[in-house]
>>> print(open('protein29.pdb').read())   # PDB, C-alpha atoms and all ligand atoms
ATOM      1  CA  MET J   1      -3.944  -2.013 -26.590
ATOM      2  CA  PRO J   2      -3.330   1.463 -25.073
ATOM      3  CA  ASP J   3       0.263   2.763 -24.863
ATOM      4  CA  ARG J   4       0.241   2.536 -21.076
ATOM      5  CA  HIS J   5       0.255  -1.250 -21.441
ATOM      6  CA  LEU J   6       3.674  -1.155 -23.073
ATOM      7  CA  SER J   7       6.420  -2.045 -20.668
ATOM      8  CA  GLU J   8       9.698  -0.149 -20.508
ATOM      9  CA  ARG J   9      13.188  -1.271 -19.583
ATOM     10  CA  SER J  10      14.249   1.008 -16.758
ATOM     11  CA  LEU J  11      17.731   1.511 -15.321
ATOM     12  CA  VAL J  12      18.078   1.133 -11.549
ATOM     13  CA  THR J  13      19.854   4.276 -10.350
ATOM     14  CA  LYS J  14      19.798   3.723  -6.591
ATOM     15  CA  ARG J  15      19.349   0.797  -4.222
ATOM     16  CA  ARG J  16      18.905   1.509  -0.531
ATOM     17  CA  VAL J  17      18.821  -1.204   2.109
ATOM     18  CA  ILE J  18      16.443  -0.386   4.976
ATOM     19  CA  ALA J  19      16.792  -3.767   6.724
ATOM     20  CA  PRO J  20      17.848  -7.232   5.541
ATOM     21  CA  GLY J  21      15.385  -8.171   2.767
ATOM     22  CA  LEU J  22      13.782  -4.711   2.687
ATOM     23  CA  VAL J  23      15.091  -2.333   0.007
ATOM     24  CA  THR J  24      14.027   0.624  -2.070
ATOM     25  CA  LEU J  25      14.869   0.621  -5.776
ATOM     26  CA  ARG J  26      14.930   3.907  -7.672
ATOM     27  CA  PHE J  27      14.701   3.650 -11.443
ATOM     28  CA  HIS J  28      14.759   5.964 -14.449
ATOM     29  CA  ASN J  29      11.317   6.091 -16.065
ATOM     30  CA  PRO J  30      10.050   9.607 -16.861
ATOM     31  CA  ARG J  31       6.571   8.425 -17.845
ATOM     32  CA  VAL J  32       5.938   6.483 -14.629
ATOM     33  CA  ALA J  33       7.430   9.370 -12.617
ATOM     34  CA  ARG J  34       5.197  11.914 -14.345
ATOM     35  CA  GLU J  35       1.923   9.992 -14.627
ATOM     36  CA  THR J  36       1.627   7.940 -11.431
ATOM     37  CA  LEU J  37      -1.060   9.034  -8.984
ATOM     38  CA  ALA J  38      -0.944   8.054  -5.296
ATOM     39  CA  GLY J  39      -2.075   4.452  -4.894
ATOM     40  CA  GLN J  40      -1.238   3.216  -8.380
ATOM     41  CA  PHE J  41       1.207   0.396  -8.972
ATOM     42  CA  VAL J  42       3.690  -0.949 -11.498
ATOM     43  CA  ASN J  43       4.004  -4.587 -12.559
ATOM     44  CA  VAL J  44       7.686  -5.477 -12.546
ATOM     45  CA  LEU J  45       9.663  -8.201 -14.238
ATOM     46  CA  PRO J  46      12.638  -8.570 -11.902
ATOM     47  CA  LYS J  47      15.329  -9.472 -14.452
ATOM     48  CA  SER J  48      14.629  -7.961 -17.815
ATOM     49  CA  GLY J  49      15.258 -10.569 -20.545
ATOM     50  CA  PHE J  50      15.908 -13.634 -18.349
ATOM     51  CA  GLY J  51      12.415 -15.202 -18.398
ATOM     52  CA  ASP J  52      12.724 -16.287 -14.726
ATOM     53  CA  PRO J  53      10.481 -15.576 -12.996
ATOM     54  CA  MET J  54       8.122 -15.617 -15.935
ATOM     55  CA  LEU J  55       5.396 -13.497 -14.329
ATOM     56  CA  ARG J  56       5.635  -9.902 -13.222
ATOM     57  CA  ARG J  57       5.101  -8.878  -9.598
ATOM     58  CA  PRO J  58       3.023  -5.803  -8.600
ATOM     59  CA  PHE J  59       4.512  -2.974  -6.494
ATOM     60  CA  SER J  60       2.944   0.291  -5.423
ATOM     61  CA  VAL J  61       4.866   3.340  -6.548
ATOM     62  CA  TYR J  62       6.603   4.454  -3.362
ATOM     63  CA  TRP J  63       7.885   7.795  -4.624
ATOM     64  CA  ALA J  64       8.119   9.680  -7.901
ATOM     65  CA  ASP J  65       9.843  12.899  -8.902
ATOM     66  CA  GLU J  66      11.014  14.390 -12.203
ATOM     67  CA  ASN J  67      12.351  11.442 -14.252
ATOM     68  CA  GLU J  68      12.656   8.735 -11.631
ATOM     69  CA  ALA J  69      10.347   6.598  -9.489
ATOM     70  CA  GLU J  70      10.898   4.239  -6.551
ATOM     71  CA  ILE J  71       9.470   0.990  -5.273
ATOM     72  CA  ILE J  72      10.000  -0.598  -1.868
ATOM     73  CA  VAL J  73      10.480  -4.370  -1.923
ATOM     74  CA  GLN J  74      10.068  -6.844   0.910
ATOM     75  CA  ALA J  75      11.721 -10.169  -0.009
ATOM     76  CA  HIS J  76       9.011 -12.771   0.397
ATOM     77  CA  GLY J  77       9.001 -15.471  -2.312
ATOM     78  CA  ARG J  78      11.020 -16.095  -5.463
ATOM     79  CA  GLY J  79      10.189 -12.944  -7.445
ATOM     80  CA  THR J  80      10.566 -10.461  -4.617
ATOM     81  CA  GLY J  81      13.711 -12.303  -3.453
ATOM     82  CA  ILE J  82      15.361 -11.780  -6.869
ATOM     83  CA  LEU J  83      14.106  -8.206  -7.072
ATOM     84  CA  ALA J  84      15.447  -7.272  -3.640
ATOM     85  CA  GLU J  85      18.929  -8.339  -4.837
ATOM     86  CA  THR J  86      18.819  -6.025  -7.898
ATOM     87  CA  ARG J  87      21.932  -3.838  -8.117
ATOM     88  CA  GLU J  88      22.396  -0.292  -9.356
ATOM     89  CA  GLU J  89      22.971  -0.155 -13.156
ATOM     90  CA  GLU J  90      20.813  -3.271 -13.702
ATOM     91  CA  MET J  91      17.585  -3.097 -15.726
ATOM     92  CA  LEU J  92      14.011  -3.753 -14.587
ATOM     93  CA  ASP J  93      11.112  -4.200 -16.963
ATOM     94  CA  ILE J  94       8.310  -1.914 -15.753
ATOM     95  CA  LEU J  95       4.663  -1.963 -16.805
ATOM     96  CA  GLY J  96       2.511   0.895 -15.532
ATOM     97  CA  PRO J  97       1.264   2.960 -13.883
ATOM     98  CA  LEU J  98      -1.662   0.575 -13.330
ATOM     99  CA  GLY J  99      -4.805   0.442 -11.193
ATOM    100  CA  LYS J 100      -6.852   3.211  -9.662
ATOM    101  CA  PRO J 101      -5.478   5.870  -7.313
ATOM    102  CA  TRP J 102      -6.556   6.343  -3.695
ATOM    103  CA  MET J 103      -9.884   8.232  -3.548
ATOM    104  CA  TYR J 104      -8.705  11.008  -1.233
ATOM    105  CA  GLN J 105     -10.489  13.867  -3.007
ATOM    106  CA  SER J 106     -13.840  13.446  -1.276
ATOM    107  CA  SER J 107     -15.617  15.783   1.115
ATOM    108  CA  ASP J 108     -16.767  13.121   3.595
ATOM    109  CA  TYR J 109     -13.865  13.563   6.028
ATOM    110  CA  ALA J 110     -11.633  16.177   7.670
ATOM    111  CA  THR J 111      -8.537  14.154   8.676
ATOM    112  CA  ALA J 112      -6.863  11.391   6.683
ATOM    113  CA  VAL J 113      -5.815   8.477   8.865
ATOM    114  CA  LEU J 114      -3.138   6.409   7.145
ATOM    115  CA  LEU J 115      -3.087   2.893   8.589
ATOM    116  CA  ILE J 116       0.042   1.014   7.566
ATOM    117  CA  GLY J 117       1.068  -2.563   8.239
ATOM    118  CA  GLY J 118       4.618  -3.534   7.258
ATOM    119  CA  VAL J 119       5.402  -3.086   3.571
ATOM    120  CA  GLY J 120       1.858  -1.710   3.163
ATOM    121  CA  VAL J 121       3.746   1.566   3.634
ATOM    122  CA  ALA J 122       4.486   1.467  -0.111
ATOM    123  CA  SER J 123       1.733   3.765  -1.398
ATOM    124  CA  MET J 124       1.660   6.051   1.655
ATOM    125  CA  PRO J 125       4.461   8.548   0.890
ATOM    126  CA  MET J 126       2.749   9.504  -2.401
ATOM    127  CA  LEU J 127      -0.614   9.706  -0.598
ATOM    128  CA  THR J 128       0.897  11.903   2.126
ATOM    129  CA  ARG J 129       2.262  14.276  -0.522
ATOM    130  CA  ALA J 130      -1.100  14.410  -2.337
ATOM    131  CA  LEU J 131      -2.992  15.085   0.919
ATOM    132  CA  GLU J 132      -0.547  17.814   1.926
ATOM    133  CA  LEU J 133      -0.985  19.507  -1.455
ATOM    134  CA  GLU J 134      -4.743  19.512  -0.784
ATOM    135  CA  GLU J 135      -4.046  20.823   2.755
ATOM    136  CA  ILE J 136      -5.857  17.851   4.317
ATOM    137  CA  PRO J 137      -4.508  16.997   7.818
ATOM    138  CA  VAL J 138      -2.815  13.573   8.050
ATOM    139  CA  GLN J 139      -2.281  11.222  11.007
ATOM    140  CA  THR J 140      -0.257   8.076  10.304
ATOM    141  CA  PHE J 141      -0.505   4.838  12.313
ATOM    142  CA  TYR J 142       2.359   2.583  11.288
ATOM    143  CA  GLY J 143       2.571  -0.970  12.623
ATOM    144  CA  ALA J 144       5.588  -3.236  12.114
ATOM    145  CA  ARG J 145       7.089  -6.367  13.621
ATOM    146  CA  THR J 146      10.084  -4.402  14.900
ATOM    147  CA  ALA J 147      11.540  -0.881  14.727
ATOM    148  CA  SER J 148      14.212  -1.657  12.088
ATOM    149  CA  LEU J 149      11.484  -2.534   9.529
ATOM    150  CA  ILE J 150       9.935   0.941   9.621
ATOM    151  CA  ALA J 151      10.497   3.162   6.557
ATOM    152  CA  LYS J 152       9.667   6.662   7.799
ATOM    153  CA  ASP J 153      10.594   8.723   4.711
ATOM    154  CA  HIS J 154       8.015  11.198   3.406
ATOM    155  CA  LEU J 155       5.433  10.310   6.106
ATOM    156  CA  SER J 156       3.988  12.795   8.575
ATOM    157  CA  ASN J 157       2.477  12.836  12.081
ATOM    158  CA  LEU J 158       3.665   9.325  12.792
ATOM    159  CA  HIS J 159       2.293   7.094  15.556
ATOM    160  CA  ILE J 160       4.319   3.892  15.663
ATOM    161  CA  ALA J 161       3.245   0.485  16.987
ATOM    162  CA  THR J 162       5.559  -2.534  17.076
ATOM    163  CA  ASP J 163       4.794  -6.175  17.845
ATOM    164  CA  ASP J 164       7.954  -6.474  19.991
ATOM    165  CA  GLY J 165       7.653  -3.054  21.673
ATOM    166  CA  SER J 166      11.015  -1.891  20.238
ATOM    167  CA  GLU J 167       9.470   1.477  19.270
ATOM    168  CA  GLY J 168       6.234   3.286  20.082
ATOM    169  CA  TYR J 169       3.129   1.462  21.272
ATOM    170  CA  HIS J 170       3.638  -2.220  22.167
ATOM    171  CA  GLY J 171       0.808  -3.854  20.207
ATOM    172  CA  SER J 172      -1.132  -3.330  17.001
ATOM    173  CA  ASN J 173      -1.568  -0.065  15.139
ATOM    174  CA  VAL J 174      -5.343  -0.707  14.974
ATOM    175  CA  GLU J 175      -5.514  -0.875  18.796
ATOM    176  CA  LEU J 176      -3.458   2.328  18.906
ATOM    177  CA  LEU J 177      -5.789   4.042  16.426
ATOM    178  CA  ARG J 178      -8.784   3.039  18.565
ATOM    179  CA  THR J 179      -7.378   5.158  21.413
ATOM    180  CA  PHE J 180      -7.534   8.188  19.075
ATOM    181  CA  LEU J 181     -11.126   7.524  17.970
ATOM    182  CA  ASP J 182     -12.847   6.749  21.260
ATOM    183  CA  PRO J 183     -13.008   9.968  23.349
ATOM    184  CA  LEU J 184     -13.168   8.071  26.681
ATOM    185  CA  LEU J 185     -10.194   5.870  25.799
ATOM    186  CA  PHE J 186      -8.278   8.920  24.571
ATOM    187  CA  LYS J 187      -8.779  10.667  27.910
ATOM    188  CA  GLU J 188      -7.801   7.523  29.799
ATOM    189  CA  VAL J 189      -4.430   7.072  28.026
ATOM    190  CA  ALA J 190      -3.604  10.773  27.460
ATOM    191  CA  GLY J 191      -1.617  10.994  30.719
ATOM    192  CA  SER J 192       0.593   7.989  29.905
ATOM    193  CA  MET J 193       1.121   8.378  26.127
ATOM    194  CA  SER J 194       3.037  11.429  24.933
ATOM    195  CA  ASP J 195       1.544  11.464  21.400
ATOM    196  CA  HIS J 196      -2.001  11.873  22.781
ATOM    197  CA  ALA J 197      -1.954  15.678  22.742
ATOM    198  CA  GLY J 198      -4.899  17.811  21.618
ATOM    199  CA  GLY J 199      -7.974  15.621  21.386
ATOM    200  CA  PRO J 200      -9.391  12.575  19.608
ATOM    201  CA  ILE J 201      -9.371  12.625  15.804
ATOM    202  CA  GLU J 202     -12.529  14.224  14.458
ATOM    203  CA  SER J 203     -14.212  13.238  11.219
ATOM    204  CA  PRO J 204     -11.521  10.799  10.005
ATOM    205  CA  LYS J 205     -11.269   8.662   6.898
ATOM    206  CA  ILE J 206      -9.059   5.571   7.073
ATOM    207  CA  PHE J 207      -6.720   4.676   4.201
ATOM    208  CA  ALA J 208      -5.306   1.238   4.999
ATOM    209  CA  CYS J 209      -2.765  -1.101   3.478
ATOM    210  CA  GLY J 210      -1.190  -4.080   5.192
ATOM    211  CA  PRO J 211      -1.610  -7.770   5.971
ATOM    212  CA  THR J 212      -5.095  -9.281   5.770
ATOM    213  CA  ALA J 213      -5.521  -9.503   9.563
ATOM    214  CA  MET J 214      -4.852  -5.758   9.881
ATOM    215  CA  MET J 215      -7.200  -4.971   6.994
ATOM    216  CA  ARG J 216     -10.023  -7.004   8.575
ATOM    217  CA  ALA J 217      -9.452  -5.216  11.879
ATOM    218  CA  ALA J 218      -9.527  -1.847  10.063
ATOM    219  CA  GLN J 219     -12.741  -2.840   8.281
ATOM    220  CA  SER J 220     -14.509  -3.672  11.550
ATOM    221  CA  LEU J 221     -13.110  -0.626  13.396
ATOM    222  CA  ALA J 222     -14.427   1.615  10.596
ATOM    223  CA  ALA J 223     -17.854  -0.089  10.732
ATOM    224  CA  GLU J 224     -17.978   0.212  14.545
ATOM    225  CA  PHE J 225     -17.213   3.965  14.501
ATOM    226  CA  GLY J 226     -19.100   4.690  11.233
ATOM    227  CA  ILE J 227     -15.937   5.984   9.559
ATOM    228  CA  PRO J 228     -15.320   5.926   5.782
ATOM    229  CA  CYS J 229     -12.500   3.528   4.992
ATOM    230  CA  GLU J 230     -10.540   2.504   1.925
ATOM    231  CA  LEU J 231      -8.482  -0.668   1.799
ATOM    232  CA  SER J 232      -5.646  -1.154  -0.701
ATOM    233  CA  LEU J 233      -5.254  -4.879  -1.393
ATOM    234  CA  GLU J 234      -2.011  -6.728  -2.066
ATOM    235  CA  THR J 235      -3.608  -9.711  -3.804
ATOM    236  CA  GLU J 236      -1.412 -11.988  -5.922
ATOM    237  CA  MET J 237      -1.528 -10.957  -9.554
ATOM    238  CA  ALA J 238      -0.311 -12.169 -12.905
ATOM    239  CA  CYS J 239      -1.103  -9.840 -15.858
ATOM    240  CA  GLY J 240      -1.996  -6.742 -13.809
ATOM    241  CA  ILE J 241      -4.174  -5.394 -16.632
ATOM    242  CA  GLY J 242      -7.511  -7.194 -16.382
ATOM    243  CA  ILE J 243      -6.893 -10.082 -18.783
ATOM    244  CA  CYS J 244      -6.109 -13.236 -16.782
ATOM    245  CA  GLN J 245      -8.885 -12.854 -14.136
ATOM    246  CA  GLY J 246      -6.282 -13.983 -11.587
ATOM    247  CA  CYS J 247      -6.850 -11.304  -8.910
ATOM    248  CA  PRO J 248     -10.479 -11.503  -7.755
ATOM    249  CA  VAL J 249     -11.827 -10.021  -4.522
ATOM    250  CA  GLN J 250     -15.263 -11.049  -3.310
ATOM    251  CA  THR J 251     -17.910  -8.321  -3.273
ATOM    252  CA  GLU J 252     -20.173  -7.736  -0.304
ATOM    253  CA  GLU J 253     -23.700  -9.214  -0.595
ATOM    254  CA  SER J 254     -25.536  -5.919  -1.301
ATOM    255  CA  ILE J 255     -23.108  -5.100  -4.138
ATOM    256  CA  PHE J 256     -23.693  -8.583  -5.540
ATOM    257  CA  LEU J 257     -27.481  -8.149  -5.353
ATOM    258  CA  GLN J 258     -27.293  -4.706  -7.041
ATOM    259  CA  SER J 259     -24.764  -5.522  -9.737
ATOM    260  CA  GLY J 260     -24.896  -9.315 -10.087
ATOM    261  CA  ARG J 261     -21.124  -9.338  -9.676
ATOM    262  CA  ARG J 262     -19.698 -11.715  -7.090
ATOM    263  CA  PHE J 263     -16.086 -10.567  -7.677
ATOM    264  CA  LYS J 264     -14.135  -7.499  -8.702
ATOM    265  CA  LEU J 265     -10.642  -7.472 -10.182
ATOM    266  CA  VAL J 266      -8.029  -5.940  -7.898
ATOM    267  CA  CYS J 267      -5.706  -4.934 -10.751
ATOM    268  CA  THR J 268      -8.169  -2.807 -12.749
ATOM    269  CA  GLU J 269     -10.969  -1.992 -10.287
ATOM    270  CA  GLY J 270      -8.589  -1.557  -7.326
ATOM    271  CA  PRO J 271      -6.181  -2.006  -5.736
ATOM    272  CA  SER J 272      -8.121   0.192  -3.285
ATOM    273  CA  PHE J 273     -11.771  -0.422  -2.477
ATOM    274  CA  ASN J 274     -14.352   1.061  -0.193
ATOM    275  CA  ALA J 275     -14.199  -1.214   2.892
ATOM    276  CA  GLU J 276     -17.962  -1.707   2.780
ATOM    277  CA  GLU J 277     -17.965  -3.208  -0.710
ATOM    278  CA  ILE J 278     -15.607  -6.162  -0.259
ATOM    279  CA  VAL J 279     -15.272  -9.342   1.815
ATOM    280  CA  LEU J 280     -11.774 -10.183   3.033
TER     281      LEU J 280
HETATM  282  C1  LIG V 301      -1.190  -3.561  -5.883
HETATM  283  C2  LIG V 301      -0.099  -4.265  -5.131
HETATM  284  C3  LIG V 301       0.945  -3.541  -4.636
HETATM  285  C4  LIG V 301       1.973  -4.185  -3.953
HETATM  286  N1  LIG V 301       3.007  -3.435  -3.514
HETATM  287  C5  LIG V 301       4.041  -4.034  -2.914
HETATM  288  C6  LIG V 301       5.159  -3.259  -2.513
HETATM  289  O1  LIG V 301       5.199  -2.062  -2.735
HETATM  290  N2  LIG V 301       6.194  -3.901  -1.929
HETATM  291  C7  LIG V 301       6.182  -5.269  -1.709
HETATM  292  O2  LIG V 301       7.179  -5.793  -1.182
HETATM  293  N3  LIG V 301       5.132  -6.010  -2.068
HETATM  294  C8  LIG V 301       4.074  -5.436  -2.668
HETATM  295  N4  LIG V 301       3.011  -6.186  -3.073
HETATM  296  C9  LIG V 301       3.044  -7.635  -2.802
HETATM  297  C10 LIG V 301       3.969  -8.312  -3.787
HETATM  298  O3  LIG V 301       3.594  -8.053  -5.103
HETATM  299  C11 LIG V 301       3.906  -9.819  -3.480
HETATM  300  O4  LIG V 301       4.640 -10.031  -2.294
HETATM  301  C12 LIG V 301       4.482 -10.573  -4.609
HETATM  302  O5  LIG V 301       3.642 -10.581  -5.723
HETATM  303  C13 LIG V 301       4.772 -11.996  -4.197
HETATM  304  O6  LIG V 301       5.792 -12.383  -5.084
HETATM  305  P1  LIG V 301       6.935 -13.363  -4.665
HETATM  306  O7  LIG V 301       7.764 -13.585  -5.855
HETATM  307  O8  LIG V 301       7.606 -12.874  -3.447
HETATM  308  O9  LIG V 301       6.120 -14.632  -4.240
HETATM  309  P2  LIG V 301       5.948 -16.000  -4.966
HETATM  310  O10 LIG V 301       5.095 -16.801  -4.037
HETATM  311  O11 LIG V 301       7.238 -16.548  -5.427
HETATM  312  O12 LIG V 301       5.128 -15.655  -6.249
HETATM  313  C14 LIG V 301       3.822 -15.196  -6.222
HETATM  314  C15 LIG V 301       3.483 -14.923  -7.667
HETATM  315  O13 LIG V 301       3.185 -16.179  -8.289
HETATM  316  C16 LIG V 301       2.206 -16.024  -9.234
HETATM  317  N5  LIG V 301       1.018 -16.734  -8.813
HETATM  318  C17 LIG V 301       0.854 -17.357  -7.642
HETATM  319  N6  LIG V 301      -0.374 -17.909  -7.583
HETATM  320  C18 LIG V 301      -0.974 -17.596  -8.746
HETATM  321  C19 LIG V 301      -2.260 -17.842  -9.294
HETATM  322  N7  LIG V 301      -3.176 -18.524  -8.622
HETATM  323  N8  LIG V 301      -2.550 -17.341 -10.502
HETATM  324  C20 LIG V 301      -1.632 -16.643 -11.204
HETATM  325  N9  LIG V 301      -0.404 -16.389 -10.730
HETATM  326  C21 LIG V 301      -0.083 -16.848  -9.531
HETATM  327  C22 LIG V 301       1.893 -14.558  -9.299
HETATM  328  O14 LIG V 301       2.690 -13.955 -10.270
HETATM  329  C23 LIG V 301       2.279 -14.081  -7.933
HETATM  330  O15 LIG V 301       2.525 -12.695  -7.926
HETATM  331  C24 LIG V 301       1.953  -5.593  -3.754
HETATM  332  C25 LIG V 301       0.881  -6.321  -4.248
HETATM  333  C26 LIG V 301      -0.129  -5.662  -4.931
HETATM  334  C27 LIG V 301      -1.267  -6.439  -5.495
HETATM  335  S1  LIG V 302      -3.950  -9.802 -12.552
HETATM  336 FE1  LIG V 302      -4.768 -10.514 -14.422
HETATM  337  S2  LIG V 302      -6.806  -9.805 -14.277
HETATM  338 FE2  LIG V 302      -5.916  -8.964 -12.516
END
>>> encode(input="protein29.pdb", output="structure tokens")
Amino acid sequence: MPDRHLSERSLVTKRRVIAPGLVTLRFHNPRVARETLAGQFVNVLPKSGFGDPMLRRPFSVYWADENEAEIIVQAHGRGTGILAETREEEMLDILGPLGKPWMYQSSDYATAVLLIGGVGVASMPMLTRALELEEIPVQTFYGARTASLIAKDHLSNLHIATDDGSEGYHGSNVELLRTFLDPLLFKEVAGSMSDHAGGPIESPKIFACGPTAMMRAAQSLAAEFGIPCELSLETEMACGIGICQGCPVQTEESIFLQSGRRFKLVCTEGPSFNAEEIVL
């Protein structure tokens, strides 16, 4: 088995609470910090050595520099609940980096549109940095239940949408993005919305991560406007390295007919996929 499948005990050096149940954990792991590309993830055993929970949980690498990397954790079930309570000086057991990076180095677009739903923000700071290094313009559409759940660090050109209207557009980030894609709609709202300066976004590519409903909406918006779109999936996983077959995503019919494959594995063939090749 390749070296990258060896896990490493990693000391938590900083814990930052963004909102109740939403924290970032910074840990010492020079290899993960050095090797992770935007969009890759680590598979984390919350309490190194305790055997509970038994299975690792996958987390996108939120940030990486020099010898340390960060994850952002939304407490959800048992594993993420334990992980979100991790204190500084405790150890995590980290396997990674795993999965494929975002495919941002293509020539089929001029502006990267980052579409974020909730904790789907996790891979976006690294993607923003990678896009800025390539001098590719970025527009970010960040949707959350409420303003306090928004983690703005390392993002750029932010357009916020909240379900409760506590910040930015009152509604979904996909609806908000639509107003930047449709020239008529853009003109219609430009007078009432201060972030609608300049003009509609030209030649975009959508990079989306968030809840399934948002991803489906992104998939159909991209199809409607003929825009390239990548979706990063947060499917439940066990091994994270292609062994257990526990993370399938259904392939679209034409892919099935070409390849004979009804499913792809999110952990090794994703987590991000071309929106046209999968069924959500
Ligand atoms: C690539 C990727 C990146 C992610 N990044 C983030 C992130 O940055 N931040 C974040 O908060 N969340 C992220 N998630 C989601 C996060 O991993 C899930 O919320 C988490 O796995 C759920 O764990 P839990 O302990 O909260 O839930 P629980 O419901 O307690 O446990 C779910 C876990 O049970 C096990 N399990 C359940 N059903 C099965 C099954 N059928 N077969 C095998 N095992 C099973 C798996 O280990 C699964 O992960 C990411 C997910 C993926 C795939
Ligand atoms: S999680 Fe085991 S194969 Fe993907």
>>> residues_around(input="protein29.pdb", residues="Glu85 of chain J", least_positions_apart="6", cutoff="9 Å", atoms="all atoms listed in the file", output="list in words")
Gly21, Val23 and Ala75 of chain J
>>> write_last_selection(input="protein29.pdb", atoms="C-alpha atoms", output="mmCIF file, keeping the file's coordinate frame")
data_model
loop_
_atom_site.group_PDB
_atom_site.id
_atom_site.type_symbol
_atom_site.label_atom_id
_atom_site.label_comp_id
_atom_site.auth_asym_id
_atom_site.auth_seq_id
_atom_site.Cartn_x
_atom_site.Cartn_y
_atom_site.Cartn_z
ATOM 1 C CA GLY J 21 15.385 -8.171 2.767
ATOM 2 C CA VAL J 23 15.091 -2.333 0.007
ATOM 3 C CA ALA J 75 11.721 -10.169 -0.009
#
>>> residues_near_ligand(input="protein29.pdb", ligand="ligand LIG 301 (chain V)", cutoff="7 Å", atoms="all atoms listed in the file", output="PyMOL selection string")
chain J and resi 41+55-62+71-81+119-120+122-123+233-238+246+267+271
>>> residues_near_point(input="protein29.pdb", point="(10.8, 3.2, -8.1)", cutoff="10 Å", atoms="all atoms listed in the file", output="VMD selection string")
chain J and resid 10 12 to 15 24 to 29 32 to 33 42 59 to 65 68 to 73 94
>>> atom_distance(input="protein29.pdb", atom1="atom CA of Glu8 of chain J", atom2="atom CA of Glu35 of chain J")
14.1 Å
>>> atom_distance(input="protein29.pdb", atom1="atom CA of Gly198 of chain J", atom2="atom CA of Phe141 of chain J")
16.6 Å
>>> decode(input="protein29.pdb", residues="segment 89-105 of chain J", atoms="N, CA and C atoms", output="PDB file, in the first residue's frame")
ATOM      1  N   GLU J  89      -3.977  20.643  21.983  1.00  0.00           N
ATOM      2  CA  GLU J  89      -3.045  19.695  22.610  1.00  0.00           C
ATOM      3  C   GLU J  89      -3.543  18.247  22.549  1.00  0.00           C
ATOM      4  N   GLU J  90      -4.774  18.012  22.047  1.00  0.00           N
ATOM      5  CA  GLU J  90      -5.205  16.628  21.841  1.00  0.00           C
ATOM      6  C   GLU J  90      -4.718  16.152  20.472  1.00  0.00           C
ATOM      7  N   MET J  91      -4.783  14.817  20.278  1.00  0.00           N
ATOM      8  CA  MET J  91      -4.278  14.224  19.028  1.00  0.00           C
ATOM      9  C   MET J  91      -5.433  13.767  18.143  1.00  0.00           C
ATOM     10  N   LEU J  92      -5.300  13.994  16.829  1.00  0.00           N
ATOM     11  CA  LEU J  92      -6.210  13.404  15.851  1.00  0.00           C
ATOM     12  C   LEU J  92      -5.407  12.389  15.049  1.00  0.00           C
ATOM     13  N   ASP J  93      -6.078  11.412  14.485  1.00  0.00           N
ATOM     14  CA  ASP J  93      -5.398  10.476  13.611  1.00  0.00           C
ATOM     15  C   ASP J  93      -5.847  10.792  12.179  1.00  0.00           C
ATOM     16  N   ILE J  94      -4.890  11.239  11.361  1.00  0.00           N
ATOM     17  CA  ILE J  94      -5.219  11.811  10.044  1.00  0.00           C
ATOM     18  C   ILE J  94      -4.701  10.920   8.923  1.00  0.00           C
ATOM     19  N   LEU J  95      -5.592  10.579   8.005  1.00  0.00           N
ATOM     20  CA  LEU J  95      -5.208   9.809   6.818  1.00  0.00           C
ATOM     21  C   LEU J  95      -5.420  10.710   5.598  1.00  0.00           C
ATOM     22  N   GLY J  96      -4.358  10.931   4.814  1.00  0.00           N
ATOM     23  CA  GLY J  96      -4.557  11.766   3.631  1.00  0.00           C
ATOM     24  C   GLY J  96      -3.272  12.469   3.209  1.00  0.00           C
ATOM     25  N   PRO J  97      -3.335  13.358   2.234  1.00  0.00           N
ATOM     26  CA  PRO J  97      -4.542  13.797   1.529  1.00  0.00           C
ATOM     27  C   PRO J  97      -5.092  12.730   0.590  1.00  0.00           C
ATOM     28  N   LEU J  98      -6.434  12.713   0.460  1.00  0.00           N
ATOM     29  CA  LEU J  98      -7.122  11.700  -0.342  1.00  0.00           C
ATOM     30  C   LEU J  98      -7.993  12.372  -1.410  1.00  0.00           C
ATOM     31  N   GLY J  99      -8.403  11.573  -2.386  1.00  0.00           N
ATOM     32  CA  GLY J  99      -9.316  12.053  -3.429  1.00  0.00           C
ATOM     33  C   GLY J  99      -8.618  12.925  -4.454  1.00  0.00           C
ATOM     34  N   LYS J 100      -9.426  13.360  -5.416  1.00  0.00           N
ATOM     35  CA  LYS J 100      -8.888  14.172  -6.516  1.00  0.00           C
ATOM     36  C   LYS J 100      -9.130  15.651  -6.239  1.00  0.00           C
ATOM     37  N   PRO J 101      -8.236  16.511  -6.690  1.00  0.00           N
ATOM     38  CA  PRO J 101      -8.458  17.952  -6.500  1.00  0.00           C
ATOM     39  C   PRO J 101      -9.526  18.497  -7.448  1.00  0.00           C
ATOM     40  N   TRP J 102     -10.010  19.706  -7.148  1.00  0.00           N
ATOM     41  CA  TRP J 102     -10.886  20.423  -8.075  1.00  0.00           C
ATOM     42  C   TRP J 102     -10.177  20.546  -9.431  1.00  0.00           C
ATOM     43  N   MET J 103     -10.931  20.456 -10.526  1.00  0.00           N
ATOM     44  CA  MET J 103     -10.331  20.586 -11.861  1.00  0.00           C
ATOM     45  C   MET J 103     -10.484  22.041 -12.323  1.00  0.00           C
ATOM     46  N   TYR J 104      -9.683  22.919 -11.757  1.00  0.00           N
ATOM     47  CA  TYR J 104      -9.835  24.350 -12.065  1.00  0.00           C
ATOM     48  C   TYR J 104      -8.904  24.785 -13.198  1.00  0.00           C
ATOM     49  N   GLN J 105      -7.939  23.877 -13.552  1.00  0.00           N
ATOM     50  CA  GLN J 105      -6.970  24.293 -14.574  1.00  0.00           C
ATOM     51  C   GLN J 105      -7.442  23.922 -15.971  1.00  0.00           C
TER      52      GLN J 105
END
